[in-house]
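What follows is a single structure, written as structure tokens, with notes after it.
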Amino acid sequence: MTDTGVRFRRDDEARRYEMHVDGDLAGFAEFRIRPAGTIVFTHTVVLPGREGQGLGSMLARHVLDDAVARGERIVPRCPFIAAYLRRHGGYEASVDWPEGVPRKG
């Protein structure tokens, strides 16, 4: 899927990033904010009927790029975000791996 028609929104009150495709919610990534500019990603979902289109990777790339742009430290507790980080370089300087989550897959 191309990113035409895909929109992202960070909702700090709901503590999640939302991905909308053609105006409909297609997925989200939940997070917690910790003091000192740290964002902990806890859960990522691509809604039924939207799987297999590359949307999860688009969502992961967006949330990670946004966190880096905001100067936040990234803690990947979500297995999907952790797996994305293992496969895609360029985020190492912004990631604090939690204890018990392997850095390499």
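Ordering of the structure tokens sets the chain letters (A, B, ...); residue numbers start at 1 within each chain; ligands are numbered from 1 in the order shown.
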
Stretch 12-23 of chain A surroundings by only C-alpha atoms, 12 Å radius, close-in-sequence under 4 positions cut, as a PyMOL selection string
chain A and resi 1-8+27-34+39-47+49-50+53+55-64+66-67

Given the selection you just returned, output its residues as a file containing N, CA and C atoms, formatted as a tab-separated table (two decimals), in the first residue's frame.
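Wrote out37.tsv, looks like this:
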chain	number	residue	atom	x	y	z
A	1	MET	N	0.84	-1.18	0.00
A	1	MET	CA	0.00	0.00	0.00
A	1	MET	C	0.89	1.24	0.00
A	2	THR	N	0.51	2.23	-0.75
A	2	THR	CA	1.22	3.50	-0.72
A	2	THR	C	0.67	4.33	0.42
A	3	ASP	N	1.36	5.42	0.75
A	3	ASP	CA	0.88	6.24	1.86
A	3	ASP	C	-0.15	7.28	1.45
A	4	THR	N	-0.63	7.22	0.19
A	4	THR	CA	-1.71	8.10	-0.24
A	4	THR	C	-2.97	7.73	0.54
A	5	GLY	N	-3.61	8.71	1.14
A	5	GLY	CA	-4.82	8.45	1.91
A	5	GLY	C	-4.56	8.01	3.33
A	6	VAL	N	-3.29	7.93	3.73
A	6	VAL	CA	-2.93	7.52	5.09
A	6	VAL	C	-2.60	8.77	5.91
A	7	ARG	N	-3.22	8.87	7.07
A	7	ARG	CA	-2.99	10.00	7.96
A	7	ARG	C	-2.70	9.48	9.36
A	8	PHE	N	-1.85	10.21	10.08
A	8	PHE	CA	-1.48	9.83	11.43
A	8	PHE	C	-1.86	10.96	12.38
A	27	GLY	N	-5.45	1.46	12.50
A	27	GLY	CA	-4.55	0.90	13.51
A	27	GLY	C	-4.13	1.95	14.49
A	28	PHE	N	-3.42	1.51	15.53
A	28	PHE	CA	-2.94	2.44	16.53
A	28	PHE	C	-1.75	1.84	17.27
A	29	ALA	N	-0.97	2.72	17.88
A	29	ALA	CA	0.17	2.34	18.72
A	29	ALA	C	0.01	3.05	20.05
A	30	GLU	N	-0.13	2.27	21.12
A	30	GLU	CA	-0.32	2.83	22.44
A	30	GLU	C	1.04	3.13	23.08
A	31	PHE	N	1.05	4.15	23.93
A	31	PHE	CA	2.30	4.54	24.58
A	31	PHE	C	2.03	5.12	25.95
A	32	ARG	N	3.09	5.21	26.74
A	32	ARG	CA	3.09	5.93	28.01
A	32	ARG	C	4.24	6.92	27.95
A	33	ILE	N	4.02	8.07	28.53
A	33	ILE	CA	5.08	9.07	28.63
A	33	ILE	C	5.66	8.99	30.04
A	34	ARG	N	6.97	8.94	30.09
A	34	ARG	CA	7.67	8.97	31.38
A	34	ARG	C	8.39	10.30	31.49
A	39	ILE	N	9.34	7.97	25.91
A	39	ILE	CA	8.08	7.41	25.44
A	39	ILE	C	8.23	5.89	25.41
A	40	VAL	N	7.30	5.21	26.07
A	40	VAL	CA	7.32	3.75	26.15
A	40	VAL	C	6.19	3.22	25.26
A	41	PHE	N	6.55	2.52	24.19
A	41	PHE	CA	5.54	1.92	23.32
A	41	PHE	C	5.12	0.59	23.92
A	42	THR	N	3.81	0.42	24.15
A	42	THR	CA	3.30	-0.75	24.87
A	42	THR	C	2.51	-1.73	24.02
A	43	HIS	N	1.86	-1.25	22.97
A	43	HIS	CA	0.99	-2.14	22.20
A	43	HIS	C	0.70	-1.50	20.84
A	44	THR	N	0.74	-2.32	19.80
A	44	THR	CA	0.44	-1.84	18.45
A	44	THR	C	-0.60	-2.77	17.82
A	45	VAL	N	-1.58	-2.18	17.16
A	45	VAL	CA	-2.67	-2.95	16.56
A	45	VAL	C	-2.93	-2.45	15.15
A	46	VAL	N	-3.07	-3.38	14.22
A	46	VAL	CA	-3.65	-3.10	12.90
A	46	VAL	C	-5.00	-3.80	12.91
A	47	LEU	N	-6.04	-3.06	12.65
A	47	LEU	CA	-7.40	-3.59	12.78
A	47	LEU	C	-7.69	-4.70	11.77
A	49	GLY	N	-8.99	-6.84	8.83
A	49	GLY	CA	-9.31	-6.42	7.47
A	49	GLY	C	-8.25	-5.49	6.88
A	50	ARG	N	-7.34	-5.02	7.72
A	50	ARG	CA	-6.28	-4.13	7.26
A	50	ARG	C	-4.90	-4.79	7.32
A	53	GLN	N	-1.10	-5.38	4.56
A	53	GLN	CA	-0.97	-4.29	3.59
A	53	GLN	C	0.24	-3.41	3.87
A	55	LEU	N	0.66	-1.77	6.63
A	55	LEU	CA	0.26	-0.65	7.47
A	55	LEU	C	0.97	-0.65	8.82
A	56	GLY	N	1.22	-1.83	9.38
A	56	GLY	CA	1.93	-1.90	10.66
A	56	GLY	C	3.31	-1.29	10.56
A	57	SER	N	4.01	-1.58	9.49
A	57	SER	CA	5.35	-1.00	9.29
A	57	SER	C	5.28	0.50	9.08
A	58	MET	N	4.26	0.95	8.34
A	58	MET	CA	4.10	2.40	8.15
A	58	MET	C	3.83	3.09	9.48
A	59	LEU	N	3.00	2.48	10.31
A	59	LEU	CA	2.69	3.04	11.61
A	59	LEU	C	3.93	3.06	12.50
A	60	ALA	N	4.67	1.96	12.53
A	60	ALA	CA	5.89	1.90	13.35
A	60	ALA	C	6.88	2.97	12.91
A	61	ARG	N	7.11	3.08	11.61
A	61	ARG	CA	8.05	4.09	11.11
A	61	ARG	C	7.61	5.50	11.52
A	62	HIS	N	6.32	5.77	11.39
A	62	HIS	CA	5.83	7.11	11.74
A	62	HIS	C	6.02	7.40	13.23
A	63	VAL	N	5.61	6.48	14.10
A	63	VAL	CA	5.68	6.77	15.54
A	63	VAL	C	7.13	6.92	15.99
A	64	LEU	N	8.02	6.10	15.44
A	64	LEU	CA	9.43	6.19	15.81
A	64	LEU	C	10.06	7.48	15.28
A	66	ASP	N	8.52	10.24	14.64
A	66	ASP	CA	7.95	11.35	15.40
A	66	ASP	C	8.61	11.46	16.77
A	67	ALA	N	8.81	10.34	17.44
A	67	ALA	CA	9.46	10.35	18.75
A	67	ALA	C	10.87	10.91	18.65

Apply DSSP to the structure's backbone, then extract all residues of chain A labelled alpha helix (DSSP H) and return them as JSON, numbers by chain.
{"A": [55, 56, 57, 58, 59, 60, 61, 62, 63, 64, 65, 66, 67, 68, 69, 79, 80, 81, 82, 83, 84, 85, 86, 87]}

Please write the residues from the selection above to a file, keeping N, CA and C atoms, as a PDB file, in the first residue's frame.
ATOM      1  N   LEU A  55       0.661  -1.771   6.630  1.00  0.00           N
ATOM      2  CA  LEU A  55       0.258  -0.649   7.473  1.00  0.00           C
ATOM      3  C   LEU A  55       0.970  -0.654   8.817  1.00  0.00           C
ATOM      4  N   GLY A  56       1.220  -1.831   9.382  1.00  0.00           N
ATOM      5  CA  GLY A  56       1.926  -1.904  10.656  1.00  0.00           C
ATOM      6  C   GLY A  56       3.308  -1.286  10.560  1.00  0.00           C
ATOM      7  N   SER A  57       4.008  -1.581   9.487  1.00  0.00           N
ATOM      8  CA  SER A  57       5.348  -1.003   9.292  1.00  0.00           C
ATOM      9  C   SER A  57       5.276   0.500   9.079  1.00  0.00           C
ATOM     10  N   MET A  58       4.261   0.952   8.344  1.00  0.00           N
ATOM     11  CA  MET A  58       4.097   2.401   8.146  1.00  0.00           C
ATOM     12  C   MET A  58       3.830   3.089   9.480  1.00  0.00           C
ATOM     13  N   LEU A  59       3.000   2.478  10.305  1.00  0.00           N
ATOM     14  CA  LEU A  59       2.688   3.041  11.611  1.00  0.00           C
ATOM     15  C   LEU A  59       3.929   3.064  12.495  1.00  0.00           C
ATOM     16  N   ALA A  60       4.666   1.958  12.529  1.00  0.00           N
ATOM     17  CA  ALA A  60       5.885   1.898  13.348  1.00  0.00           C
ATOM     18  C   ALA A  60       6.882   2.970  12.906  1.00  0.00           C
ATOM     19  N   ARG A  61       7.109   3.084  11.614  1.00  0.00           N
ATOM     20  CA  ARG A  61       8.055   4.092  11.114  1.00  0.00           C
ATOM     21  C   ARG A  61       7.608   5.497  11.518  1.00  0.00           C
ATOM     22  N   HIS A  62       6.323   5.773  11.392  1.00  0.00           N
ATOM     23  CA  HIS A  62       5.831   7.108  11.740  1.00  0.00           C
ATOM     24  C   HIS A  62       6.023   7.404  13.227  1.00  0.00           C
ATOM     25  N   VAL A  63       5.607   6.481  14.100  1.00  0.00           N
ATOM     26  CA  VAL A  63       5.684   6.771  15.536  1.00  0.00           C
ATOM     27  C   VAL A  63       7.132   6.915  15.988  1.00  0.00           C
ATOM     28  N   LEU A  64       8.018   6.100  15.436  1.00  0.00           N
ATOM     29  CA  LEU A  64       9.433   6.192  15.810  1.00  0.00           C
ATOM     30  C   LEU A  64      10.064   7.475  15.278  1.00  0.00           C
ATOM     31  N   ASP A  65       9.773   7.814  14.035  1.00  0.00           N
ATOM     32  CA  ASP A  65      10.300   9.061  13.467  1.00  0.00           C
ATOM     33  C   ASP A  65       9.786  10.277  14.244  1.00  0.00           C
ATOM     34  N   ASP A  66       8.521  10.242  14.639  1.00  0.00           N
ATOM     35  CA  ASP A  66       7.953  11.351  15.397  1.00  0.00           C
ATOM     36  C   ASP A  66       8.606  11.461  16.772  1.00  0.00           C
ATOM     37  N   ALA A  67       8.807  10.340  17.435  1.00  0.00           N
ATOM     38  CA  ALA A  67       9.456  10.353  18.749  1.00  0.00           C
ATOM     39  C   ALA A  67      10.871  10.915  18.648  1.00  0.00           C
ATOM     40  N   VAL A  68      11.612  10.510  17.628  1.00  0.00           N
ATOM     41  CA  VAL A  68      12.971  11.029  17.429  1.00  0.00           C
ATOM     42  C   VAL A  68      12.920  12.532  17.167  1.00  0.00           C
ATOM     43  N   ALA A  69      12.009  12.974  16.322  1.00  0.00           N
ATOM     44  CA  ALA A  69      11.887  14.404  16.007  1.00  0.00           C
ATOM     45  C   ALA A  69      11.542  15.224  17.248  1.00  0.00           C
ATOM     46  N   PRO A  79       6.087  -5.771  21.392  1.00  0.00           N
ATOM     47  CA  PRO A  79       6.861  -6.697  20.556  1.00  0.00           C
ATOM     48  C   PRO A  79       6.955  -6.260  19.096  1.00  0.00           C
ATOM     49  N   PHE A  80       5.902  -5.669  18.552  1.00  0.00           N
ATOM     50  CA  PHE A  80       5.939  -5.251  17.148  1.00  0.00           C
ATOM     51  C   PHE A  80       6.929  -4.105  16.945  1.00  0.00           C
ATOM     52  N   ILE A  81       6.899  -3.111  17.820  1.00  0.00           N
ATOM     53  CA  ILE A  81       7.833  -1.982  17.712  1.00  0.00           C
ATOM     54  C   ILE A  81       9.258  -2.476  17.914  1.00  0.00           C
ATOM     55  N   ALA A  82       9.464  -3.376  18.877  1.00  0.00           N
ATOM     56  CA  ALA A  82      10.806  -3.929  19.109  1.00  0.00           C
ATOM     57  C   ALA A  82      11.306  -4.667  17.865  1.00  0.00           C
ATOM     58  N   ALA A  83      10.448  -5.475  17.245  1.00  0.00           N
ATOM     59  CA  ALA A  83      10.835  -6.204  16.033  1.00  0.00           C
ATOM     60  C   ALA A  83      11.159  -5.239  14.897  1.00  0.00           C
ATOM     61  N   TYR A  84      10.372  -4.186  14.758  1.00  0.00           N
ATOM     62  CA  TYR A  84      10.642  -3.188  13.719  1.00  0.00           C
ATOM     63  C   TYR A  84      12.015  -2.561  13.949  1.00  0.00           C
ATOM     64  N   LEU A  85      12.325  -2.213  15.182  1.00  0.00           N
ATOM     65  CA  LEU A  85      13.625  -1.609  15.493  1.00  0.00           C
ATOM     66  C   LEU A  85      14.777  -2.563  15.186  1.00  0.00           C
ATOM     67  N   ARG A  86      14.581  -3.846  15.417  1.00  0.00           N
ATOM     68  CA  ARG A  86      15.633  -4.827  15.113  1.00  0.00           C
ATOM     69  C   ARG A  86      15.892  -4.921  13.606  1.00  0.00           C
ATOM     70  N   ARG A  87      14.867  -4.731  12.795  1.00  0.00           N
ATOM     71  CA  ARG A  87      14.994  -4.861  11.341  1.00  0.00           C
ATOM     72  C   ARG A  87      15.394  -3.572  10.638  1.00  0.00           C
TER      73      ARG A  87
END

Using only C-alpha atoms, pick whichever of A:Arg77, A:Arg9, A:Glu72, A:Thr38 has the shortest atom-to-atom distance to A:Val101.
A:Arg77

Can you tell me, as a PyMOL selection string, which residues in stretch 2-103 of chain A count as strand (DSSP E or B) by DSSP?
chain A and resi 6-11+16-21+24-34+38-46+73-76+95

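Here atom CA of A:Pro76 is placed at a distance of 9.9 Å from atom CA of A:Arg103.
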
Expressed in Å to a single decimal, how great is the separation between atom CA of A:Trp97 and atom CA of A:Ile74?
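Answer for the atom CA of A:Trp97 to atom CA of A:Ile74 separation: 8.1 Å.
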